[in-house]
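Okay, query12.cif now, which holds mmCIF, C-alpha atoms and all ligand atoms:
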```cif
data_query
#
loop_
_atom_site.label_atom_id
_atom_site.label_comp_id
_atom_site.auth_asym_id
_atom_site.auth_seq_id
_atom_site.Cartn_x
_atom_site.Cartn_y
_atom_site.Cartn_z
CA MET A 1 -176.00 -169.99 -95.84
CA GLY A 2 -173.32 -167.72 -97.16
CA ALA A 3 -173.11 -164.66 -94.87
CA PRO A 4 -169.49 -163.57 -94.19
CA ALA A 5 -169.42 -165.14 -90.73
CA ALA A 6 -167.09 -163.61 -88.15
CA ILE A 7 -166.65 -163.04 -84.42
CA ALA A 8 -165.07 -160.25 -82.38
CA ILE A 9 -164.28 -160.24 -78.65
CA HIS A 10 -163.01 -157.83 -76.02
CA GLY A 11 -161.48 -158.27 -72.59
CA GLY A 12 -161.88 -154.72 -71.27
CA ALA A 13 -160.46 -151.28 -72.01
CA GLY A 14 -158.56 -148.74 -69.95
CA THR A 15 -155.16 -147.35 -69.14
CA ILE A 16 -153.32 -150.27 -70.69
CA LEU A 17 -149.92 -148.89 -71.62
CA ARG A 18 -147.03 -150.79 -73.18
CA SER A 19 -145.06 -149.88 -70.09
CA SER A 20 -147.67 -151.47 -67.80
CA LEU A 21 -147.32 -155.01 -69.17
CA THR A 22 -144.22 -157.17 -69.30
CA ALA A 23 -143.50 -159.02 -72.56
CA GLU A 24 -144.69 -162.24 -70.89
CA GLN A 25 -147.94 -160.67 -69.68
CA GLU A 26 -148.57 -159.20 -73.11
CA ALA A 27 -148.01 -162.59 -74.74
CA ARG A 28 -150.36 -164.28 -72.26
CA TYR A 29 -153.16 -161.83 -73.02
CA LEU A 30 -152.67 -162.08 -76.78
CA ASP A 31 -152.51 -165.89 -76.69
CA GLU A 32 -155.69 -166.07 -74.64
CA LEU A 33 -157.53 -163.64 -76.90
CA ARG A 34 -156.48 -165.61 -79.99
CA SER A 35 -157.44 -168.93 -78.49
CA VAL A 36 -160.89 -167.69 -77.41
CA VAL A 37 -161.68 -166.00 -80.73
CA THR A 38 -160.56 -169.13 -82.57
CA ALA A 39 -162.87 -171.32 -80.46
CA GLY A 40 -165.82 -169.01 -81.20
CA ASN A 41 -164.92 -168.90 -84.87
CA GLU A 42 -164.86 -172.69 -85.00
CA VAL A 43 -168.52 -172.75 -83.91
CA LEU A 44 -169.36 -170.41 -86.80
CA ALA A 45 -167.26 -172.39 -89.30
CA GLN A 46 -169.24 -175.53 -88.42
CA GLY A 47 -172.50 -173.70 -89.23
CA GLY A 48 -173.28 -173.02 -85.56
CA SER A 49 -175.31 -170.00 -84.46
CA ALA A 50 -173.95 -166.58 -83.55
CA LEU A 51 -175.67 -167.11 -80.20
CA ASP A 52 -173.67 -170.28 -79.53
CA ALA A 53 -170.44 -168.62 -80.67
CA VAL A 54 -170.78 -165.62 -78.33
CA SER A 55 -171.93 -167.84 -75.43
CA LEU A 56 -168.84 -170.02 -75.82
CA ALA A 57 -166.41 -167.12 -76.29
CA VAL A 58 -167.68 -165.22 -73.26
CA SER A 59 -167.76 -168.33 -71.07
CA LEU A 60 -164.11 -169.04 -71.99
CA LEU A 61 -163.17 -165.46 -71.10
CA GLU A 62 -165.05 -165.92 -67.81
CA ASP A 63 -163.00 -169.06 -67.10
CA CYS A 64 -159.73 -167.16 -67.61
CA PRO A 65 -158.49 -165.32 -64.48
CA LEU A 66 -156.79 -162.65 -66.60
CA PHE A 67 -160.12 -160.95 -67.25
CA ASN A 68 -162.65 -159.33 -64.94
CA ALA A 69 -165.58 -161.75 -65.32
CA GLY A 70 -166.36 -165.14 -63.78
CA LYS A 71 -163.09 -166.48 -62.32
CA GLY A 72 -160.99 -163.37 -61.87
CA ALA A 73 -163.95 -161.08 -61.15
CA VAL A 74 -163.03 -158.09 -59.00
CA PHE A 75 -164.04 -157.65 -55.36
CA THR A 76 -166.71 -155.32 -53.96
CA ASN A 77 -165.71 -153.19 -50.99
CA ALA A 78 -167.21 -155.91 -48.76
CA GLY A 79 -164.78 -158.48 -50.20
CA THR A 80 -167.49 -160.28 -52.18
CA MET A 81 -167.89 -160.80 -55.92
CA GLU A 82 -171.04 -159.69 -57.66
CA MET A 83 -171.28 -160.34 -61.36
CA ASP A 84 -173.45 -158.94 -64.16
CA ALA A 85 -174.03 -160.45 -67.62
CA SER A 86 -176.37 -160.32 -70.59
CA ILE A 87 -176.94 -161.86 -73.99
CA MET A 88 -179.09 -160.84 -76.97
CA ASP A 89 -180.17 -162.70 -80.08
CA GLY A 90 -180.33 -160.40 -83.12
CA LYS A 91 -182.68 -162.68 -85.03
CA THR A 92 -185.50 -162.85 -82.48
CA ARG A 93 -184.46 -159.76 -80.45
CA ARG A 94 -184.91 -161.90 -77.35
CA ALA A 95 -182.51 -161.23 -74.52
CA GLY A 96 -181.59 -162.30 -70.99
CA GLY A 97 -179.53 -160.89 -68.19
CA VAL A 98 -178.48 -161.35 -64.58
CA ALA A 99 -177.20 -158.74 -62.14
CA CYS A 100 -175.28 -158.91 -58.87
CA ILE A 101 -175.15 -162.70 -58.94
CA GLN A 102 -172.70 -164.69 -56.85
CA TYR A 103 -171.07 -168.10 -57.17
CA VAL A 104 -172.43 -168.84 -60.67
CA ARG A 105 -169.47 -170.17 -62.63
CA ASN A 106 -170.53 -168.71 -65.97
CA PRO A 107 -172.79 -165.67 -65.68
CA VAL A 108 -173.22 -165.55 -69.48
CA ARG A 109 -174.82 -169.00 -69.34
CA ALA A 110 -177.06 -167.71 -66.56
CA ALA A 111 -178.12 -164.82 -68.82
CA ARG A 112 -178.87 -167.28 -71.59
CA ALA A 113 -180.94 -169.43 -69.23
CA VAL A 114 -183.02 -166.37 -68.30
CA MET A 115 -183.56 -165.67 -72.01
CA GLU A 116 -184.44 -169.23 -72.94
CA HIS A 117 -186.22 -170.61 -69.88
CA SER A 118 -188.03 -167.69 -68.25
CA PRO A 119 -190.58 -165.15 -69.45
CA HIS A 120 -188.26 -162.41 -68.11
CA VAL A 121 -185.32 -160.39 -69.37
CA LEU A 122 -183.36 -159.53 -66.22
CA MET A 123 -183.17 -161.46 -62.94
CA VAL A 124 -181.36 -160.68 -59.68
CA GLY A 125 -180.96 -161.90 -56.11
CA LYS A 126 -182.21 -165.04 -54.43
CA GLY A 127 -184.91 -165.61 -57.03
CA ALA A 128 -182.36 -165.63 -59.81
CA GLU A 129 -180.14 -168.02 -57.88
CA GLU A 130 -182.99 -170.43 -57.26
CA PHE A 131 -184.03 -170.26 -60.91
CA LEU A 132 -180.46 -170.95 -62.05
CA ARG A 133 -180.08 -173.92 -59.70
CA GLN A 134 -183.34 -175.34 -61.03
CA HIS A 135 -181.96 -175.06 -64.54
CA GLY A 136 -178.74 -176.87 -63.71
CA LEU A 137 -176.29 -173.96 -63.87
CA ALA A 138 -172.87 -174.74 -62.35
CA PHE A 139 -172.10 -173.02 -59.03
CA GLU A 140 -168.67 -172.70 -57.39
CA ASP A 141 -167.62 -171.66 -53.91
CA SER A 142 -165.74 -168.45 -53.22
CA THR A 143 -162.33 -170.16 -53.46
CA TYR A 144 -162.92 -170.76 -57.18
CA PHE A 145 -163.39 -167.05 -57.86
CA TYR A 146 -160.62 -165.84 -55.53
CA THR A 147 -157.39 -164.69 -57.16
CA GLU A 148 -154.44 -163.19 -55.29
CA GLU A 149 -154.16 -160.42 -57.87
CA ARG A 150 -157.74 -159.22 -57.45
CA HIS A 151 -157.49 -159.34 -53.69
CA ALA A 152 -154.30 -157.31 -53.74
CA GLN A 153 -156.05 -154.85 -56.07
CA LEU A 154 -158.87 -154.46 -53.58
CA LEU A 155 -156.51 -153.83 -50.70
CA ARG A 156 -154.56 -151.32 -52.70
CA VAL A 157 -157.67 -149.55 -53.95
CA GLN A 158 -159.07 -149.43 -50.46
CA GLN A 159 -155.83 -147.92 -49.27
CA GLU A 160 -156.28 -145.21 -51.82
CA SER A 161 -159.98 -145.01 -50.86
CA GLY A 162 -161.38 -144.75 -54.34
CA MET A 163 -163.53 -146.84 -56.60
CA LEU A 164 -161.44 -148.28 -59.38
CA LEU A 165 -162.22 -150.10 -62.61
CA ASP A 166 -160.29 -153.21 -63.42
CA HIS A 167 -157.23 -152.72 -65.58
CA ASP A 168 -155.91 -149.62 -63.87
CA ALA A 169 -155.92 -151.49 -60.60
CA ALA A 170 -153.70 -154.04 -62.33
CA ASN A 171 -151.38 -151.20 -63.31
CA LEU A 172 -151.02 -150.14 -59.72
CA LEU A 173 -150.30 -153.66 -58.67
CA THR A 174 -147.59 -154.06 -61.28
CA MET A 175 -146.06 -150.82 -60.17
CA ALA A 176 -146.18 -151.89 -56.56
CA SER A 177 -144.52 -155.19 -57.30
CA GLU A 178 -141.84 -153.43 -59.29
CA GLN A 179 -141.18 -151.34 -56.22
CA ALA A 180 -142.10 -148.17 -58.06
CA ALA A 181 -141.33 -145.15 -55.97
CA GLU A 182 -144.99 -144.14 -55.76
CA PRO A 183 -148.20 -145.77 -56.89
CA ALA A 184 -149.98 -143.72 -59.55
CA PRO A 185 -152.78 -141.58 -58.20
CA LEU A 186 -156.11 -143.26 -58.70
CA ASP A 187 -158.09 -141.92 -61.59
CA PRO A 188 -161.46 -143.60 -61.55
CA ASP A 189 -162.32 -142.16 -64.94
CA LYS A 190 -159.76 -144.32 -66.65
CA LYS A 191 -160.14 -147.85 -65.27
CA PHE A 192 -162.11 -150.61 -66.96
CA GLY A 193 -162.62 -154.36 -67.28
CA THR A 194 -165.34 -156.56 -68.76
CA VAL A 195 -165.52 -159.24 -71.43
CA GLY A 196 -167.77 -159.46 -74.46
CA ALA A 197 -168.35 -161.03 -77.86
CA VAL A 198 -170.32 -160.23 -81.00
CA ALA A 199 -170.85 -162.54 -83.97
CA LEU A 200 -172.45 -162.97 -87.38
CA ASP A 201 -173.15 -166.57 -88.38
CA LEU A 202 -173.33 -168.25 -91.78
CA HIS A 203 -177.13 -167.97 -91.64
CA GLY A 204 -176.93 -164.17 -91.44
CA ASN A 205 -177.89 -163.88 -87.76
CA LEU A 206 -176.24 -161.60 -85.21
CA ALA A 207 -175.75 -162.03 -81.44
CA ALA A 208 -173.95 -160.24 -78.61
CA ALA A 209 -172.97 -161.11 -75.03
CA THR A 210 -171.23 -159.20 -72.23
CA SER A 211 -170.08 -160.25 -68.73
CA THR A 212 -168.30 -158.48 -65.88
CA GLY A 213 -167.32 -158.38 -62.23
CA GLY A 214 -167.81 -154.59 -62.40
CA MET A 215 -165.47 -152.24 -60.58
CA THR A 216 -162.98 -153.02 -57.82
CA ASN A 217 -164.24 -151.72 -54.48
CA LYS A 218 -167.75 -150.99 -55.80
CA LEU A 219 -170.59 -150.87 -53.30
CA PRO A 220 -172.38 -154.19 -52.88
CA GLY A 221 -175.58 -153.96 -54.91
CA ARG A 222 -174.13 -151.72 -57.60
CA VAL A 223 -175.21 -152.76 -61.10
CA GLY A 224 -173.36 -151.47 -64.17
CA ASP A 225 -174.19 -151.27 -67.87
CA THR A 226 -173.28 -154.88 -68.67
CA PRO A 227 -176.74 -156.41 -68.07
CA MET A 228 -178.54 -153.33 -69.45
CA LEU A 229 -179.68 -153.83 -73.04
CA GLY A 230 -178.79 -150.89 -75.26
CA ALA A 231 -176.08 -149.85 -72.77
CA GLY A 232 -173.65 -152.78 -72.36
CA CYS A 233 -175.07 -155.29 -74.85
CA TYR A 234 -177.34 -155.11 -77.90
CA ALA A 235 -178.14 -157.12 -81.02
CA ASP A 236 -180.63 -156.69 -83.84
CA ASN A 237 -180.26 -158.30 -87.28
CA GLN A 238 -181.47 -155.02 -88.84
CA THR A 239 -178.49 -153.09 -87.49
CA ALA A 240 -175.66 -154.65 -85.50
CA ALA A 241 -174.46 -156.76 -82.58
CA LEU A 242 -172.62 -154.63 -79.99
CA SER A 243 -170.82 -155.14 -76.67
CA ALA A 244 -169.36 -152.39 -74.47
CA THR A 245 -166.68 -151.95 -71.85
CA GLY A 246 -165.90 -148.85 -69.83
CA THR A 247 -167.43 -146.50 -67.31
CA GLY A 248 -170.73 -148.29 -66.95
CA GLU A 249 -172.65 -145.33 -65.59
CA ALA A 250 -171.86 -143.30 -68.74
CA PHE A 251 -172.91 -146.14 -71.04
CA MET A 252 -176.17 -146.43 -69.11
CA ARG A 253 -176.94 -142.71 -69.13
CA SER A 254 -176.18 -142.37 -72.84
CA LEU A 255 -177.69 -145.73 -73.91
CA ALA A 256 -174.56 -145.85 -76.04
CA LEU A 257 -175.20 -149.09 -77.90
CA HIS A 258 -178.81 -148.40 -78.72
CA ASP A 259 -177.70 -145.00 -79.95
CA ILE A 260 -175.38 -146.70 -82.45
CA ALA A 261 -178.18 -148.98 -83.67
CA ALA A 262 -180.61 -146.04 -83.91
CA GLN A 263 -178.16 -143.97 -85.96
CA MET A 264 -177.81 -146.91 -88.34
CA GLN A 265 -181.55 -147.53 -88.56
CA TYR A 266 -182.93 -144.00 -88.70
CA LEU A 267 -180.08 -142.01 -90.23
CA GLY A 268 -178.76 -144.74 -92.50
CA LEU A 269 -175.23 -144.39 -91.11
CA SER A 270 -172.75 -147.25 -91.42
CA LEU A 271 -171.75 -149.19 -88.30
CA GLU A 272 -168.35 -147.53 -88.50
CA GLN A 273 -169.77 -143.99 -88.65
CA ALA A 274 -172.33 -144.59 -85.91
CA ALA A 275 -169.88 -146.31 -83.55
CA SER A 276 -167.26 -143.65 -84.05
CA ASN A 277 -169.85 -140.89 -83.40
CA VAL A 278 -170.77 -142.47 -80.09
CA VAL A 279 -167.28 -143.35 -78.87
CA THR A 280 -165.61 -140.13 -80.02
CA ASN A 281 -168.38 -137.54 -79.68
CA LYS A 282 -171.14 -138.77 -77.43
CA LEU A 283 -169.46 -140.71 -74.61
CA PRO A 284 -167.20 -137.78 -73.65
CA LEU A 285 -170.36 -135.71 -72.98
CA TYR A 286 -171.08 -138.21 -70.21
CA GLU A 287 -167.44 -138.39 -69.13
CA GLY A 288 -167.55 -141.89 -70.55
CA GLN A 289 -164.41 -143.81 -71.30
CA GLY A 290 -164.03 -147.25 -72.79
CA GLY A 291 -164.77 -148.97 -76.03
CA ILE A 292 -167.16 -151.11 -77.98
CA ILE A 293 -166.99 -154.00 -80.40
CA GLY A 294 -169.56 -154.37 -83.15
CA ILE A 295 -170.43 -156.37 -86.24
CA ASP A 296 -173.19 -155.74 -88.79
CA ALA A 297 -175.16 -158.04 -91.06
CA SER A 298 -172.62 -157.56 -93.87
CA GLY A 299 -169.78 -158.68 -91.63
CA ASN A 300 -168.24 -155.23 -91.08
CA ILE A 301 -166.37 -155.22 -87.75
CA VAL A 302 -165.55 -152.17 -85.59
CA LEU A 303 -163.48 -151.99 -82.38
CA PRO A 304 -163.31 -148.29 -81.42
CA PHE A 305 -162.20 -147.11 -77.96
CA ASN A 306 -161.22 -143.80 -76.41
CA THR A 307 -158.76 -145.18 -73.85
CA GLU A 308 -155.08 -146.09 -74.11
CA GLY A 309 -155.88 -149.71 -74.83
CA MET A 310 -158.51 -152.40 -75.21
CA TYR A 311 -157.94 -156.16 -75.16
CA ARG A 312 -159.54 -157.16 -78.44
CA ALA A 313 -159.55 -159.78 -81.21
CA TYR A 314 -161.57 -160.84 -84.22
CA GLN A 315 -161.61 -163.60 -86.77
CA ARG A 316 -163.50 -164.17 -90.01
CA VAL A 317 -164.31 -167.74 -91.00
CA GLY A 318 -161.51 -168.98 -93.23
CA GLU A 319 -159.08 -166.25 -92.16
CA ALA A 320 -156.44 -165.86 -89.45
CA ALA A 321 -157.24 -164.35 -86.04
CA PHE A 322 -156.24 -160.75 -85.26
CA ALA A 323 -155.52 -159.73 -81.66
CA ALA A 324 -154.31 -156.43 -80.21
CA ILE A 325 -154.05 -154.51 -76.94
CA TYR A 326 -152.79 -150.96 -77.39
CA ALA A 327 -154.16 -148.05 -79.40
CA SER A 328 -151.14 -147.98 -81.70
N1 LIG B 401 -168.70 -151.48 -67.77
C1 LIG B 401 -168.32 -152.24 -66.61
C2 LIG B 401 -169.12 -151.80 -65.42
O1 LIG B 401 -169.34 -150.61 -65.28
C3 LIG B 401 -166.87 -152.11 -66.26
C4 LIG B 401 -165.95 -152.23 -67.40
O2 LIG B 401 -166.31 -152.48 -68.54
O3 LIG B 401 -164.76 -152.04 -67.14
O4 LIG B 401 -169.46 -152.62 -64.60
#
```

Rendering of file as structure tokens:
Amino acid sequence: MGAPAAIAIHGGAGTILRSSLTAEQEARYLDELRSVVTAGNEVLAQGGSALDAVSLAVSLLEDCPLFNAGKGAVFTNAGTMEMDASIMDGKTRRAGGVACIQYVRNPVRAARAVMEHSPHVLMVGKGAEEFLRQHGLAFEDSTYFYTEERHAQLLRVQQESGMLLDHDAANLLTMASEQAAEPAPLDPDKKFGTVGAVALDLHGNLAAATSTGGMTNKLPGRVGDTPMLGAGCYADNQTAALSATGTGEAFMRSLALHDIAAQMQYLGLSLEQAASNVVTNKLPLYEGQGGIIGIDASGNIVLPFNTEGMYRAYQRVGEAAFAAIYAS
């Protein structure tokens, strides 16, 4: 006992400008972020594991339609929802993930079931679904996942005929509803949405979890970085717990999160130095945009991003929660 326990969460990064959210919307996001980080922090304060804290935080973010994961997941170009998630335990370095799954209420719990009840790391398709049913995971029908906002985003994105990541699509929608003269041109390099959590518990153990609906209008069958260890999610007690959001293909090609851990392990860099190297210097080489959240075994927390905003929050046991959206 005695590690400086803390949790950090994110709800996606992207072109999130002050001008794109009303005061009410901003307050809703901040309230939700604070309430989720507080719930995760409570688990840690009670002596619970980092793994339990990140599972709870991500499942609460999945239950909230404001974020692109679980309820509120974005639509594929076929009008379906296909979700990716993963979880990793820094103590044992065990991990689990699911990709392209449908109708599972909490994909992060599905990822945890793969980690804890199968000999595998990543499961997809019918086999995954059968396995999850056998292990009592909750399933919902498509009406549970459907939200008017996401559907309108899909229609709008399809009109513009581009693939779009989550929060920029929301921008377009806001503009449309405000009767803006012209919707902004789509810029697929700047649109993101995913949820994630990283934690350090009182026992000194780290864990990370990430969950997403991916990108609006993506091709059915597309898998992003979220269920890929070292790309969208990573945890190792020797280095850090990390969760990413952004252009998934760039995080996959650069193995961004493993790169951070490797810089810490082999070069002796701090979490802050390594994370900033990757977000500021490496991701742009892959045209990667987005952000990461991380925590190390000493309780240092980082939340760097190279976009206009990232929904983010953290809380240390015994301290107040911090939540923010914009870069400055
Ligand atoms: N990284 C996610 C994906 O590519 C999207 C995001 O974080 O916005 O599926």

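Closest approach to Gln153 of chain A among A:Val198, A:Met215, A:Ala111, A:Ala208: A:Met215, based on all atoms listed in the file.
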
> Excluding same-chain residues fewer than 2 positions from Leu202 of chain A, what lies within 8 Å of it counting all atoms listed in the file, as a count of residues only?
Replying inline: 13

> How would you write, as a PyMOL selection string, the set of residues no farther than 10 Å from ligand LIG 401 (chain B) when counting only C-alpha atoms and all ligand atoms?
Replying inline: chain A and resi 10-14+68-69+83-85+164-168+190-196+210-216+218+222-227+231-232+243-252+289-292

>> I need the residue nearest Arg94 of chain A from this list: A:Ser118, A:Gln265, A:Asn281, A:Thr15. Use only C-alpha atoms for the distance.
In response: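 The closest residue to Arg94 of chain A is A:Ser118.
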
> Which one is closest to Leu60 of chain A: A:Pro119, A:Pro107, A:Gly136, A:Gly96? Count only C-alpha atoms.
Replying inline: A:Pro107

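Closest to Leu30 of chain A among A:Ala313, A:Ala152, A:Met264, A:Ala320 is A:Ala313, based on only C-alpha atoms.
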
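In terms of minimum interatomic distance to Asp89 of chain A, A:Asp201 ranks closest within A:Asp201, A:Glu24, A:Glu32, A:Glu149, counting only C-alpha atoms.
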
Box time for segment 118-135 of chain A: axis-aligned, enclosing all its listed atoms, 8 Å extra on each side; report centre and edge lengths in Å to one decimal, as AutoDock Vina command-line options.
```
--center_x -185.3 --center_y -167.4 --center_z -61.9 --size_x 26.5 --size_y 31.8 --size_z 31.0
```
